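Undergrad: The structure that follows is given in the form of structure tokens.
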Amino acid sequence: MNKIKEFLSSRYIEAVFPSKERVAEMMIAGKRLVFYWGIDPTGPNVHLGHTTNVFVMKKLAELGHKIILLIGDFTATIGDPTDKEAVRKPLTEKEVKENMKTYLEQIHKILSKGSFEVRYNSKWYSKMFYKDWLKVAMKFTQQQMIARDMFQERLKKDKPIGMHEFDYPMMQGYDSVVMNVDGEVGGNDQTFNMLVGRDLVKDFLGKEKIVIATRLLEDPVTRKKIMNKSEGQYVSLNDSAEEMFGRVMAMPDSAILPLFSYATEVSDSKISEIKKRLEGGENPMTVKKELAFELVKMYHDGKTAEKTKENFEKVFSEGRLPEKMEEFKFSGKIVELLYASGLAGSMSEAKRLIDQKAVYINGHIVTDWEHDVKSGDIVKVGPRRFLRIK
RNA sequence: GGGGGUGUACUCAAGCAGUCAACGAGGGCAGACUGUAAAUCUGCUGGCCUUGUGCCUACGUAGGUGCAAAUCCUACCGCCCCCA
């Protein structure tokens with residue numbers, strides 16, 4: 001009982017439906033319950049904003065429940081309207097497949113292989129009969145769906161709302177029915193969709209579905225999402241150690257505490273220690289380095305984390321060259337190298353970079369587009385990109 | 001079905017015949033400052049080269065008028081609003 005209560009009030013969880021007390025009772029009944037978390041493969045990466053859910057799933061498994069990871073390969077082709085101010089352009093099946101490839105690999109970094117079941121919702125939706133879908137759609141009203149604020153936003157702005165976008169919450173809800181689950185885990189922004197599933201489970205299966213809404217990685221100051229794909233500011237579980245460390249360091253200071261709290265599994269006492277240190281005026285950089293270290297340790301390993309940290313300090317704090325850098329076989333003019341190596345997307349961009357004094361060869365600024373590059377040269381572009389010429 | 005709007009670069013959004021590769025904002029990149037921070041300030045942000053009052057491609061699609069079109073005309077496609 002204590003363990004369950006502890007779990008339900010853990011820092012990862014924002015809200016529980018129908019209520020904490022009721023859920024505690026349901027979970028204690030000794031029955032092995034089935035919980036699921038769903039993720040739509042809309043991009044190639046799982047990022048730190050997703051992991052809070054994975055931690056919760058892991059805890060559920062430890063408490064003896066069965067856990068399912070649902071890959072929304074069908075729903076991804078529609079797109080969740082949550083948070084969207086425009087109709088999403090539909091993903092093709094091919095794109096979805098491409099994105100899906102790395103998902104499991106990334107999730108296995110937290111949940112061991114075989115500790116959970118994997119399902120795909122295209123399995124039921126791709127061959128569902130219209131008459132069966134109507135039974136679902138009939139349960140809801142247009143008013144319920146349209147009430148959501150992002151739809152209201154769009155109405156105000158005369159922006160289109162696709163009919164299929166109303167289907168999204170219903171589909172997410174119906175997933176619970178098909179899989180006959182007892183509970184769902186998802187980000188707080190998914191609460192509406194998860195509650196739709198609660199209604200459907202009650203109607204179709206006659207039981208009460210538990211909804212566990214997890215905390216979102218939000219900046220406490222700006223209330224903006226910390227992992228923001230569209231603004232290119234996110235850390236993926238697939239990032240190399242260097243990338244991950246660097247990206248974490250580039251996060252604003254206000255993101256440190258949320259990230260430590262919801263994106264790592266360090267102890268609660270460690271969290272309060274961090275909080276105290278930040279409030280006590282310690283240089284946030286030190287704390288951020290610890291955070292970056294912790295994350296690299298989680299998704300790579302301790303040794304790598306140690307090395308990455310040392311390397312980071314060497315390159316950025318002391319301005320020295322990184323230990324290892326990419327190599328590129330080339331000989332010719334610097335503009336051509338920049339383009340050929342992908343450091344610049346076009347010849348024009350390469351020239352621009354040179355004009356902006358962003359390009360160094362062996363520590364010296366290059367001003368001439370035609371400057372020759374030879375084997376052994378070390379090219380630096382901008383503050384953080386290095387290339388060794390082979 | 002009738003009427004009125006609208007479609008512009010990664011996103012939002014100006015322009016409504018020449019001075020438009022297209023104002024502005026966001027994003028991105030680069031520079032200064034720094035803690036690789038963040039915030040701030042500055043610059044750049046379609047491509048190609050022979051770097052030029054240069055060429056090519058681009059303002060939903062296809063045509064047309066005209067010396068000249070994102071801007072005008074016609075048709076088509078998409079979207080929104082009002083009336084029925």
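All residue names refer to the structure tokens as shown: chains lettered A, B, ... in order, residues numbered from 1 in each chain, ligands numbered from 1 in order.
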Excluding region 241-247 of chain A and residues on its chain fewer than 5 positions from it, collect all residues at most 9 Å away from it, counting only C-alpha atoms (C1' of nucleotides), and give them as a list in words.

TA: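 Non-adjacent residues within range: Gln233, Tyr234, Val235, Ser236, Lys289, Leu291, Ala292, Phe293, Leu295, Val296, Lys297, Tyr299, His300, Thr304, Ala305, Thr308, Lys309, Asn311 and Phe312 of chain A; U36 of chain B.
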
Undergrad: Go ahead and write the selection's residues with C-alpha atoms (C1' of nucleotides) as a PDB file, in the first residue's frame.

TA:
```
ATOM      1  CA  GLN A 233      15.649  22.629 -29.223  1.00  0.00           C
ATOM      2  CA  TYR A 234      15.443  19.100 -28.009  1.00  0.00           C
ATOM      3  CA  VAL A 235      17.522  16.241 -26.776  1.00  0.00           C
ATOM      4  CA  SER A 236      16.896  12.905 -28.373  1.00  0.00           C
ATOM      5  CA  LYS A 289      27.082  19.969 -16.162  1.00  0.00           C
ATOM      6  CA  LEU A 291      22.638  17.197 -15.382  1.00  0.00           C
ATOM      7  CA  ALA A 292      24.323  16.686 -18.729  1.00  0.00           C
ATOM      8  CA  PHE A 293      26.594  14.099 -17.134  1.00  0.00           C
ATOM      9  CA  LEU A 295      21.789  12.121 -18.903  1.00  0.00           C
ATOM     10  CA  VAL A 296      24.771  10.923 -20.892  1.00  0.00           C
ATOM     11  CA  LYS A 297      25.331   8.289 -18.236  1.00  0.00           C
ATOM     12  CA  TYR A 299      21.750   6.802 -22.355  1.00  0.00           C
ATOM     13  CA  HIS A 300      25.367   5.872 -22.899  1.00  0.00           C
ATOM     14  CA  THR A 304      31.541   7.872 -21.720  1.00  0.00           C
ATOM     15  CA  ALA A 305      29.860  10.511 -19.609  1.00  0.00           C
ATOM     16  CA  THR A 308      32.392  13.678 -22.654  1.00  0.00           C
ATOM     17  CA  LYS A 309      32.463  16.025 -19.721  1.00  0.00           C
ATOM     18  CA  ASN A 311      36.125  16.892 -23.542  1.00  0.00           C
ATOM     19  CA  PHE A 312      33.472  19.537 -23.169  1.00  0.00           C
TER      20      PHE A 312
ATOM     21  C1'   U B  36      29.210  26.364 -25.948  1.00  0.00           C
TER      22        U B  36
END
```

Undergrad: Report the closest atom pair, with its distance in Å rounded to one decimal, for each residue of chain A that has an atom no farther than 9 Å from chain B; count only C-alpha atoms (C1' of nucleotides), sort by chain and then rising residue number, and write it as JSON lines.

TA:
```
{"residue": "A:Asp158", "atom": "CA", "partner": "B:C80", "partner_atom": "C1'", "distance": 5.6}
{"residue": "A:Lys159", "atom": "CA", "partner": "B:C80", "partner_atom": "C1'", "distance": 6.8}
{"residue": "A:Pro160", "atom": "CA", "partner": "B:C79", "partner_atom": "C1'", "distance": 7.0}
{"residue": "A:Ser230", "atom": "CA", "partner": "B:G27", "partner_atom": "C1'", "distance": 8.3}
{"residue": "A:Glu231", "atom": "CA", "partner": "B:G27", "partner_atom": "C1'", "distance": 6.3}
{"residue": "A:Gly232", "atom": "CA", "partner": "B:G27", "partner_atom": "C1'", "distance": 8.6}
{"residue": "A:Gly246", "atom": "CA", "partner": "B:U36", "partner_atom": "C1'", "distance": 7.0}
{"residue": "A:Met249", "atom": "CA", "partner": "B:A37", "partner_atom": "C1'", "distance": 6.8}
{"residue": "A:Ala250", "atom": "CA", "partner": "B:A37", "partner_atom": "C1'", "distance": 5.6}
{"residue": "A:Met251", "atom": "CA", "partner": "B:A37", "partner_atom": "C1'", "distance": 7.3}
{"residue": "A:Pro252", "atom": "CA", "partner": "B:A38", "partner_atom": "C1'", "distance": 4.8}
{"residue": "A:Asp253", "atom": "CA", "partner": "B:A38", "partner_atom": "C1'", "distance": 6.5}
{"residue": "A:Ser254", "atom": "CA", "partner": "B:A38", "partner_atom": "C1'", "distance": 8.5}
{"residue": "A:Asn283", "atom": "CA", "partner": "B:G35", "partner_atom": "C1'", "distance": 8.3}
{"residue": "A:Pro284", "atom": "CA", "partner": "B:G35", "partner_atom": "C1'", "distance": 8.2}
{"residue": "A:Met285", "atom": "CA", "partner": "B:G35", "partner_atom": "C1'", "distance": 5.7}
{"residue": "A:Thr286", "atom": "CA", "partner": "B:G35", "partner_atom": "C1'", "distance": 8.8}
{"residue": "A:Phe312", "atom": "CA", "partner": "B:U36", "partner_atom": "C1'", "distance": 8.5}
{"residue": "A:Val315", "atom": "CA", "partner": "B:U36", "partner_atom": "C1'", "distance": 8.7}
{"residue": "A:Phe316", "atom": "CA", "partner": "B:U36", "partner_atom": "C1'", "distance": 5.6}
{"residue": "A:Ser317", "atom": "CA", "partner": "B:U36", "partner_atom": "C1'", "distance": 8.0}
{"residue": "A:Ser346", "atom": "CA", "partner": "B:G47", "partner_atom": "C1'", "distance": 8.0}
{"residue": "A:Met347", "atom": "CA", "partner": "B:C48", "partner_atom": "C1'", "distance": 8.4}
{"residue": "A:Ser348", "atom": "CA", "partner": "B:G47", "partner_atom": "C1'", "distance": 7.7}
{"residue": "A:Glu349", "atom": "CA", "partner": "B:U45", "partner_atom": "C1'", "distance": 8.9}
{"residue": "A:Arg352", "atom": "CA", "partner": "B:C44", "partner_atom": "C1'", "distance": 7.5}
{"residue": "A:Leu353", "atom": "CA", "partner": "B:A30", "partner_atom": "C1'", "distance": 6.8}
{"residue": "A:Gln356", "atom": "CA", "partner": "B:A30", "partner_atom": "C1'", "distance": 5.9}
{"residue": "A:Lys357", "atom": "CA", "partner": "B:G31", "partner_atom": "C1'", "distance": 7.7}
{"residue": "A:Ala358", "atom": "CA", "partner": "B:A30", "partner_atom": "C1'", "distance": 6.3}
{"residue": "A:Gly382", "atom": "CA", "partner": "B:A30", "partner_atom": "C1'", "distance": 7.0}
{"residue": "A:Pro383", "atom": "CA", "partner": "B:U36", "partner_atom": "C1'", "distance": 7.0}
{"residue": "A:Arg384", "atom": "CA", "partner": "B:U36", "partner_atom": "C1'", "distance": 7.2}
```

Undergrad: Point out the residue among A:Ile256, A:Ile28, A:Val34, A:Ile71 with the least atom-to-atom distance to Val177 (chain A), counting only C-alpha atoms.

TA: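 Nearest candidate to Val177 (chain A) out of A:Ile256, A:Ile28, A:Val34, A:Ile71: A:Val34.
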
Undergrad: Can you pull out the residues contacting region 60-65 of chain B? Cut-off 12 Å, using only C-alpha atoms (C1' of nucleotides), and skip same-chain residues under 3 positions away; I want them as a list in words.

TA: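 In the requested format, the answer is U6, G7, U8, A17, A68, A69, A70, C72, C73, U74, A75, C76, C77, G78 and C79 of chain B.
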
Undergrad: Pick out each residue of region 232-295 of chain A that DSSP on the backbone tags as helix (DSSP H, G or I); I need them as a VMD selection string.

TA: chain A and resid 241 to 249 253 to 263 268 to 279 284 to 295

Undergrad: I need the residues from that last selection saved to file as a compact mmCIF listing (two decimals), in the first residue's frame (with N, CA and C atoms), if you can.

TA:
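For reference, result-v3.txt as written:
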```txt
# COMPACT_ATOMS: atom_id res chain seq x y z
N ALA A 241 26.89 11.06 -27.43
CA ALA A 241 27.23 11.60 -26.11
C ALA A 241 27.58 13.09 -26.21
N GLU A 242 28.36 13.45 -27.22
CA GLU A 242 28.78 14.85 -27.36
C GLU A 242 27.58 15.75 -27.63
N GLU A 243 26.74 15.30 -28.58
CA GLU A 243 25.56 16.10 -28.91
C GLU A 243 24.69 16.29 -27.69
N MET A 244 24.47 15.21 -26.98
CA MET A 244 23.58 15.25 -25.84
C MET A 244 24.13 16.22 -24.79
N PHE A 245 25.39 16.07 -24.48
CA PHE A 245 26.01 16.94 -23.48
C PHE A 245 25.88 18.40 -23.92
N GLY A 246 26.23 18.65 -25.16
CA GLY A 246 26.20 20.02 -25.68
C GLY A 246 24.80 20.60 -25.68
N ARG A 247 23.85 19.79 -26.09
CA ARG A 247 22.48 20.30 -26.16
C ARG A 247 21.94 20.61 -24.78
N VAL A 248 22.29 19.79 -23.82
CA VAL A 248 21.82 20.06 -22.46
C VAL A 248 22.44 21.35 -21.96
N MET A 249 23.72 21.53 -22.23
CA MET A 249 24.38 22.75 -21.78
C MET A 249 23.80 24.00 -22.42
N ASP A 253 18.95 28.10 -18.18
CA ASP A 253 19.11 27.67 -16.80
C ASP A 253 17.79 27.25 -16.17
N SER A 254 16.72 27.91 -16.58
CA SER A 254 15.42 27.63 -15.96
C SER A 254 14.95 26.21 -16.26
N ALA A 255 15.62 25.55 -17.21
CA ALA A 255 15.21 24.18 -17.57
C ALA A 255 15.91 23.14 -16.70
N ILE A 256 16.89 23.55 -15.92
CA ILE A 256 17.68 22.58 -15.17
C ILE A 256 16.82 21.75 -14.23
N LEU A 257 16.04 22.44 -13.40
CA LEU A 257 15.28 21.73 -12.39
C LEU A 257 14.21 20.82 -13.02
N PRO A 258 13.41 21.33 -13.95
CA PRO A 258 12.45 20.43 -14.60
C PRO A 258 13.12 19.21 -15.23
N LEU A 259 14.24 19.42 -15.88
CA LEU A 259 14.91 18.30 -16.53
C LEU A 259 15.40 17.28 -15.50
N PHE A 260 16.01 17.78 -14.47
CA PHE A 260 16.48 16.88 -13.42
C PHE A 260 15.30 16.11 -12.83
N SER A 261 14.20 16.82 -12.63
CA SER A 261 13.06 16.20 -11.96
C SER A 261 12.34 15.18 -12.82
N TYR A 262 12.08 15.54 -14.08
CA TYR A 262 11.21 14.70 -14.89
C TYR A 262 11.93 13.89 -15.96
N ALA A 263 13.20 14.20 -16.18
CA ALA A 263 13.89 13.47 -17.24
C ALA A 263 15.02 12.60 -16.71
N ASP A 268 14.75 11.60 -5.00
CA ASP A 268 14.07 12.84 -4.63
C ASP A 268 14.97 13.73 -3.78
N SER A 269 15.79 13.09 -2.95
CA SER A 269 16.65 13.90 -2.09
C SER A 269 17.69 14.64 -2.92
N LYS A 270 18.14 14.00 -3.98
CA LYS A 270 19.07 14.65 -4.90
C LYS A 270 18.40 15.88 -5.53
N ILE A 271 17.15 15.72 -5.90
CA ILE A 271 16.41 16.84 -6.49
C ILE A 271 16.34 18.02 -5.54
N SER A 272 16.02 17.73 -4.27
CA SER A 272 15.91 18.86 -3.35
C SER A 272 17.29 19.47 -3.08
N GLU A 273 18.32 18.65 -3.14
CA GLU A 273 19.67 19.18 -2.99
C GLU A 273 20.00 20.15 -4.13
N ILE A 274 19.67 19.71 -5.36
CA ILE A 274 19.90 20.55 -6.53
C ILE A 274 19.17 21.88 -6.40
N LYS A 275 17.93 21.76 -5.95
CA LYS A 275 17.10 22.94 -5.81
C LYS A 275 17.75 23.93 -4.83
N LYS A 276 18.20 23.37 -3.73
CA LYS A 276 18.83 24.21 -2.70
C LYS A 276 20.07 24.90 -3.26
N ARG A 277 20.87 24.12 -3.97
CA ARG A 277 22.11 24.69 -4.51
C ARG A 277 21.82 25.82 -5.49
N LEU A 278 20.82 25.63 -6.33
CA LEU A 278 20.48 26.68 -7.31
C LEU A 278 19.98 27.92 -6.59
N GLU A 279 19.14 27.70 -5.60
CA GLU A 279 18.60 28.85 -4.86
C GLU A 279 19.69 29.51 -4.04
N PRO A 284 24.91 28.11 -11.96
CA PRO A 284 24.06 27.10 -12.59
C PRO A 284 24.81 26.21 -13.57
N MET A 285 25.91 26.72 -14.10
CA MET A 285 26.66 25.93 -15.06
C MET A 285 27.15 24.62 -14.45
N THR A 286 27.61 24.70 -13.21
CA THR A 286 28.09 23.51 -12.52
C THR A 286 26.97 22.47 -12.43
N VAL A 287 25.81 22.95 -12.05
CA VAL A 287 24.67 22.06 -11.89
C VAL A 287 24.25 21.51 -13.25
N LYS A 288 24.31 22.35 -14.25
CA LYS A 288 23.91 21.92 -15.58
C LYS A 288 24.85 20.84 -16.09
N LYS A 289 26.12 21.00 -15.75
CA LYS A 289 27.08 19.97 -16.16
C LYS A 289 26.74 18.63 -15.51
N GLU A 290 26.33 18.69 -14.26
CA GLU A 290 25.93 17.46 -13.58
C GLU A 290 24.74 16.82 -14.27
N LEU A 291 23.82 17.68 -14.68
CA LEU A 291 22.64 17.20 -15.38
C LEU A 291 23.03 16.53 -16.69
N ALA A 292 23.88 17.22 -17.44
CA ALA A 292 24.32 16.69 -18.73
C ALA A 292 25.04 15.36 -18.51
N PHE A 293 25.86 15.32 -17.48
CA PHE A 293 26.59 14.10 -17.13
C PHE A 293 25.62 12.96 -16.84
N GLU A 294 24.65 13.26 -16.02
CA GLU A 294 23.66 12.26 -15.61
C GLU A 294 22.93 11.68 -16.84
N LEU A 295 22.55 12.57 -17.74
CA LEU A 295 21.79 12.12 -18.90
C LEU A 295 22.66 11.28 -19.83
```

Undergrad: Taking the backbone alone, and naming residues the way the document does, which bits of region 230-336 of chain A are strand (DSSP E or B) by DSSP, as a ChimeraX atom specification?

TA: /A:233,236,326-328,332-333

Undergrad: Those selected residues, please, written with C-alpha atoms and delivered as a JSON list (two decimals), in the first residue's frame.

TA:
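What follows is the written file part-v1.json:
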```
[["chain", "number", "residue", "atom", "x", "y", "z"],
["A", 233, "GLN", "CA", 15.65, 22.63, -29.22],
["A", 236, "SER", "CA", 16.90, 12.91, -28.37],
["A", 326, "GLU", "CA", 35.06, 13.76, -37.84],
["A", 327, "GLU", "CA", 37.41, 13.10, -40.66],
["A", 328, "PHE", "CA", 36.87, 13.94, -44.27],
["A", 332, "GLY", "CA", 40.97, 21.55, -52.91],
["A", 333, "LYS", "CA", 39.41, 24.88, -52.11]]
```
